[in-house]
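Visitor: File follows, coords39.cif with mmCIF, C-alpha atoms:
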data_data
loop_
_atom_site.label_atom_id
_atom_site.label_comp_id
_atom_site.auth_asym_id
_atom_site.auth_seq_id
_atom_site.Cartn_x
_atom_site.Cartn_y
_atom_site.Cartn_z
CA THR A 1 58.15 -7.43 33.33
CA GLN A 2 56.44 -6.32 36.54
CA TYR A 3 53.29 -5.41 34.61
CA LEU A 4 53.21 -8.89 33.05
CA GLY A 5 53.21 -10.29 36.56
CA GLN A 6 50.39 -7.94 37.57
CA PHE A 7 48.41 -8.89 34.47
CA LEU A 8 48.98 -12.54 35.37
CA LEU A 9 47.51 -11.93 38.84
CA LEU A 10 44.52 -10.08 37.42
CA LEU A 11 43.76 -12.91 35.01
CA ILE A 12 44.00 -15.56 37.74
CA PHE A 13 41.88 -13.43 40.08
CA TYR A 14 39.12 -12.57 37.59
CA PHE A 15 39.05 -15.82 35.62
CA ALA A 16 39.73 -18.26 38.49
CA ILE A 17 42.05 -19.89 36.02
CA ARG A 18 44.85 -22.32 36.71
CA PRO A 19 48.36 -21.07 35.98
CA LYS A 20 48.97 -23.75 33.32
CA GLU A 21 45.70 -22.87 31.58
CA LEU A 22 46.72 -19.22 31.66
CA ARG A 23 50.25 -19.92 30.44
CA LEU A 24 48.75 -21.70 27.40
CA MET A 25 46.00 -19.09 26.85
CA LYS A 26 45.75 -17.73 23.31
CA ILE A 27 44.00 -14.59 22.09
CA GLU A 28 41.58 -16.75 20.09
CA TYR A 29 40.18 -18.19 23.35
CA ILE A 30 38.99 -14.72 24.44
CA ASP A 31 35.68 -13.52 23.02
CA LEU A 32 35.21 -9.91 24.13
CA LYS A 33 31.87 -9.51 22.35
CA ARG A 34 30.33 -12.45 24.20
CA LYS A 35 32.31 -11.59 27.36
CA GLN A 36 33.68 -15.08 27.73
CA VAL A 37 36.89 -17.08 27.69
CA THR A 38 37.15 -20.66 26.51
CA VAL A 39 39.55 -22.99 28.27
CA PRO A 40 39.99 -25.76 25.71
CA ALA A 41 40.53 -29.33 26.78
CA TYR A 42 43.41 -29.69 24.31
CA ASP A 43 45.22 -27.60 21.74
CA HIS A 44 47.36 -29.30 19.10
CA GLY A 45 47.45 -32.46 21.22
CA GLU A 46 48.59 -30.70 24.40
CA LYS A 47 46.28 -30.96 27.39
CA ILE A 48 45.32 -27.51 28.63
CA ALA A 49 42.32 -27.90 30.94
CA LYS A 50 43.04 -29.89 34.09
CA THR A 51 39.79 -31.82 33.70
CA GLY A 52 40.33 -32.58 30.02
CA GLN A 53 37.02 -30.84 29.26
CA THR A 54 36.48 -27.59 27.39
CA LYS A 55 34.91 -25.00 29.70
CA ILE A 56 33.65 -21.42 29.39
CA ILE A 57 34.50 -18.64 31.85
CA GLY A 58 32.58 -15.38 31.97
CA ILE A 59 34.63 -12.18 31.86
CA PRO A 60 33.65 -9.98 34.83
CA GLU A 61 32.50 -6.49 33.81
CA VAL A 62 35.01 -4.87 36.20
CA PHE A 63 37.87 -6.39 34.19
CA LEU A 64 36.49 -6.15 30.66
CA ALA A 65 37.88 -2.69 29.78
CA GLU A 66 41.41 -3.49 30.99
CA LEU A 67 41.41 -6.86 29.25
CA THR A 68 40.16 -5.26 26.03
CA GLU A 69 42.92 -2.66 26.21
CA GLN A 70 45.59 -5.29 26.79
CA ILE A 71 44.65 -7.56 23.90
CA ALA A 72 43.38 -5.00 21.37
CA THR A 73 46.81 -4.39 19.84
CA ARG A 74 48.02 -7.98 19.76
CA ASN A 75 49.04 -9.82 16.61
CA GLY A 76 46.69 -12.53 15.49
CA PRO A 77 44.33 -14.85 17.31
CA ASP A 78 46.79 -17.75 17.59
CA THR A 79 49.25 -15.79 19.74
CA TYR A 80 49.79 -16.60 23.41
CA LEU A 81 49.05 -14.03 26.11
CA PHE A 82 52.44 -14.74 27.70
CA SER A 83 55.46 -15.53 25.54
CA PRO A 84 59.26 -15.30 25.76
CA THR A 85 59.20 -11.92 24.01
CA ASN A 86 57.47 -10.44 27.10
CA SER A 87 54.55 -9.57 24.89
CA PHE A 88 52.18 -11.73 22.95
CA GLY A 89 53.86 -14.29 20.73
CA LYS A 90 53.78 -17.61 18.92
CA LYS A 91 55.30 -19.63 21.78
CA PRO A 92 54.15 -19.71 25.42
CA HIS A 93 56.32 -18.82 28.38
CA SER A 94 57.71 -21.69 30.40
CA LYS A 95 56.26 -22.44 33.83
CA ASP A 96 59.43 -21.13 35.49
CA VAL A 97 59.22 -17.76 33.76
CA MET A 98 55.56 -17.36 34.74
CA ASN A 99 56.49 -18.06 38.36
CA SER A 100 59.33 -15.55 38.09
CA HIS A 101 56.92 -12.82 36.94
CA PHE A 102 54.68 -13.60 39.90
CA HIS A 103 57.57 -13.52 42.38
CA LYS A 104 58.65 -10.06 41.17
CA VAL A 105 55.15 -8.71 41.73
CA LYS A 106 54.88 -10.48 45.07
CA GLU A 107 58.10 -8.82 46.24
CA ALA A 108 57.08 -5.41 44.89
CA LEU A 109 53.74 -5.60 46.70
CA ASN A 110 55.31 -7.11 49.82
CA LEU A 111 52.92 -10.09 49.72
CA PRO A 112 53.42 -13.05 52.08
CA ALA A 113 56.30 -15.39 51.18
CA GLY A 114 54.06 -18.48 51.05
CA LEU A 115 51.60 -17.00 48.55
CA THR A 116 51.71 -18.71 45.15
CA ASN A 117 50.20 -17.59 41.88
CA TYR A 118 47.75 -20.49 42.20
CA GLY A 119 46.86 -19.19 45.66
CA TRP A 120 45.53 -16.07 43.98
CA LYS A 121 42.49 -18.18 43.04
CA HIS A 122 41.88 -18.68 46.77
CA THR A 123 42.02 -14.92 47.32
CA ALA A 124 39.42 -14.44 44.60
CA ALA A 125 37.20 -17.16 46.10
CA ASP A 126 37.28 -15.39 49.47
CA ALA A 127 36.23 -12.13 47.80
CA LEU A 128 33.42 -13.81 45.83
CA PHE A 129 32.02 -15.69 48.82
CA ASP A 130 32.12 -12.45 50.84
CA SER A 131 30.02 -10.66 48.21
CA PRO A 132 26.34 -10.71 49.24
CA ASP A 133 25.21 -10.31 45.62
CA ILE A 134 26.85 -13.45 44.22
CA LYS A 135 25.23 -16.87 44.56
CA GLU A 136 27.43 -19.76 45.65
CA GLU A 137 26.30 -21.77 42.61
CA SER A 138 27.56 -18.97 40.36
CA ILE A 139 30.95 -19.13 42.07
CA GLN A 140 31.02 -22.91 41.58
CA GLN A 141 30.27 -22.50 37.87
CA HIS A 142 32.90 -19.76 37.47
CA TYR A 143 35.51 -22.00 39.11
CA ARG A 144 34.42 -24.91 36.90
CA HIS A 145 34.01 -27.26 39.87
CA SER A 146 31.76 -30.30 39.98
CA SER A 147 30.56 -29.59 43.54
CA LEU A 148 29.96 -26.60 45.77
CA GLY A 149 32.08 -28.23 48.50
CA GLN A 150 35.04 -28.27 46.13
CA THR A 151 34.58 -24.55 45.49
CA GLN A 152 34.18 -23.74 49.19
CA GLU A 153 37.59 -25.30 49.86
CA TYR A 154 39.07 -22.41 47.86
CA ALA A 155 37.66 -19.86 50.28
CA ARG A 156 40.28 -20.65 52.91
CA ASN A 157 40.00 -17.45 54.92
CA ARG A 158 36.22 -17.16 55.20
CA GLY A 159 36.10 -18.62 58.70
CA LYS A 160 38.87 -16.29 59.86
CA ARG A 161 36.91 -13.09 59.25
CA LEU A 162 34.31 -11.38 61.38
CA ASN A 163 30.81 -12.39 60.30
CA THR A 164 29.01 -9.05 60.07
CA ASP A 165 25.67 -10.78 59.45
CA ILE A 166 25.84 -11.92 63.05
CA THR A 167 27.27 -8.76 64.59
CA GLU A 168 24.91 -6.42 62.76
CA HIS A 169 21.71 -8.48 62.45
CA TYR A 170 21.51 -10.72 65.50
CA PRO A 171 17.92 -10.78 66.83
CA LYS A 172 17.24 -9.32 70.26
CA PHE A 173 16.56 -11.79 73.10
#
Mind turning the file's structure into structure tokens?
Guide:
Amino acid sequence: TQYLGQFLLLLIFYFAIRPKELRLMKIEYIDLKRKQVTVPAYDHGEKIAKTGQTKIIGIPEVFLAELTEQIATRNGPDTYLFSPTNSFGKKPHSKDVMNSHFHKVKEALNLPAGLTNYGWKHTAADALFDSPDIKEESIQQHYRHSSLGQTQEYARNRGKRLNTDITEHYPKF
């Protein structure tokens, strides 16, 4: 159960995916060969994507091997990543169970009480914006946002960190 919670956090962190989209994620939406995940607008009449639009998310290389290992042995493409059987299955977990998995991991890792599984997207945004090799437009696309300002709102802690560009590269007077 704790590993399911950890896997949940990894998926939110690397995919910048909403918890509901993740809860309703099926194996068939993951294309390991193309290194992408599809978040469908709807599946069997149920709205999955918040925007109601099908979107593609790239799978980061640093997560590809672990993701491949986790889904390689799963039964059939139409199975959900998270189901009541605590493995992949034909029915998705409820929202409450997904939150329960997250809370167990949060307690085990001694994470702040106010941190939510959705807040893990904010943590990922901070890390992406802090990376000098990633363009802001790429972050916006990965988060599936219509504007860069919307994406920057996710990076809540950026202004609370020391800006090493200034401390290390300030020109001499």
Visitor: Please indicate the distance in Å from CA of Met98 (chain A) to CA of Pro84 (chain A), rounded to one decimal place.
Guide: 9.9 Å
Visitor: Please report the interatomic distance between CA of Gly58 (chain A) and CA of Met25 (chain A) in Å with one decimal.
Guide: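 Straight-line distance from CA of Gly58 (chain A) to CA of Met25 (chain A) works out to 14.8 Å.
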Visitor: Using all atoms listed in the file for the distances, tell me which of A:Ala125, A:Leu81, A:Ala155, A:Val97 is nearest to Glu28 (chain A).
Guide: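 Nearest to Glu28 (chain A): A:Leu81.
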Visitor: Counting only C-alpha atoms, find residues at most 10 Å from (50.2, -12.4, 47.0) (file frame) and give them as a PyMOL selection string.
Guide: chain A and resi 9+102-103+105-107+109-120+123
Visitor: Please, could you write that set of residues out with C-alpha atoms as a PDB file, keeping the file's coordinate frame?
Guide:
ATOM      1  CA  LEU A   9      47.510 -11.930  38.840  1.00  0.00           C
ATOM      2  CA  PHE A 102      54.680 -13.600  39.900  1.00  0.00           C
ATOM      3  CA  HIS A 103      57.570 -13.520  42.380  1.00  0.00           C
ATOM      4  CA  VAL A 105      55.150  -8.710  41.730  1.00  0.00           C
ATOM      5  CA  LYS A 106      54.880 -10.480  45.070  1.00  0.00           C
ATOM      6  CA  GLU A 107      58.100  -8.820  46.240  1.00  0.00           C
ATOM      7  CA  LEU A 109      53.740  -5.600  46.700  1.00  0.00           C
ATOM      8  CA  ASN A 110      55.310  -7.110  49.820  1.00  0.00           C
ATOM      9  CA  LEU A 111      52.920 -10.090  49.720  1.00  0.00           C
ATOM     10  CA  PRO A 112      53.420 -13.050  52.080  1.00  0.00           C
ATOM     11  CA  ALA A 113      56.300 -15.390  51.180  1.00  0.00           C
ATOM     12  CA  GLY A 114      54.060 -18.480  51.050  1.00  0.00           C
ATOM     13  CA  LEU A 115      51.600 -17.000  48.550  1.00  0.00           C
ATOM     14  CA  THR A 116      51.710 -18.710  45.150  1.00  0.00           C
ATOM     15  CA  ASN A 117      50.200 -17.590  41.880  1.00  0.00           C
ATOM     16  CA  TYR A 118      47.750 -20.490  42.200  1.00  0.00           C
ATOM     17  CA  GLY A 119      46.860 -19.190  45.660  1.00  0.00           C
ATOM     18  CA  TRP A 120      45.530 -16.070  43.980  1.00  0.00           C
ATOM     19  CA  THR A 123      42.020 -14.920  47.320  1.00  0.00           C
TER      20      THR A 123
END
Visitor: Convert the output of the PyMOL selection byres ((chain A and resi 27) around 7) on the shown file into explicit residues, formatted as a ChimeraX atom specification.
Guide: /A:25-26,28-30,77-81
Visitor: So what do you get for CA of Phe88 (chain A) versus CA of Thr73 (chain A), distance-wise?
Guide: 9.6 Å
Visitor: Could you please give me, as JSON, numbers by chain, the residues of protein, DNA or RNA lying at most 12 Å from (45.6, -26.8, 23.5) in the coordinate frame of the file, considering all atoms listed in the file?
Guide: {"A": [20, 21, 22, 23, 24, 25, 26, 28, 29, 38, 39, 40, 41, 42, 43, 44, 45, 46, 47, 48, 49, 50, 52, 53, 54, 78, 80, 92]}
Visitor: Measuring between all atoms listed in the file, which one of A:Gly89, A:Leu10, A:Ser138, A:Glu153 shows the shortest distance to Leu64 (chain A)?
Guide: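 Using all atoms listed in the file, the shortest distance to Leu64 (chain A) belongs to A:Leu10.
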Visitor: List the residues matched by the PyMOL selection byres ((chain A and resi 57) around 6) in the displayed structure as a PyMOL selection string, ordered by chain and then by residue number.
Guide: chain A and resi 36-37+56+58+142
Visitor: Compare A:Lys35, A:His145, A:His101, A:Arg74 by their minimum atom-to-atom distance to Val62 (chain A), counting all atoms listed in the file, and give me the closest one.
Guide: A:Lys35
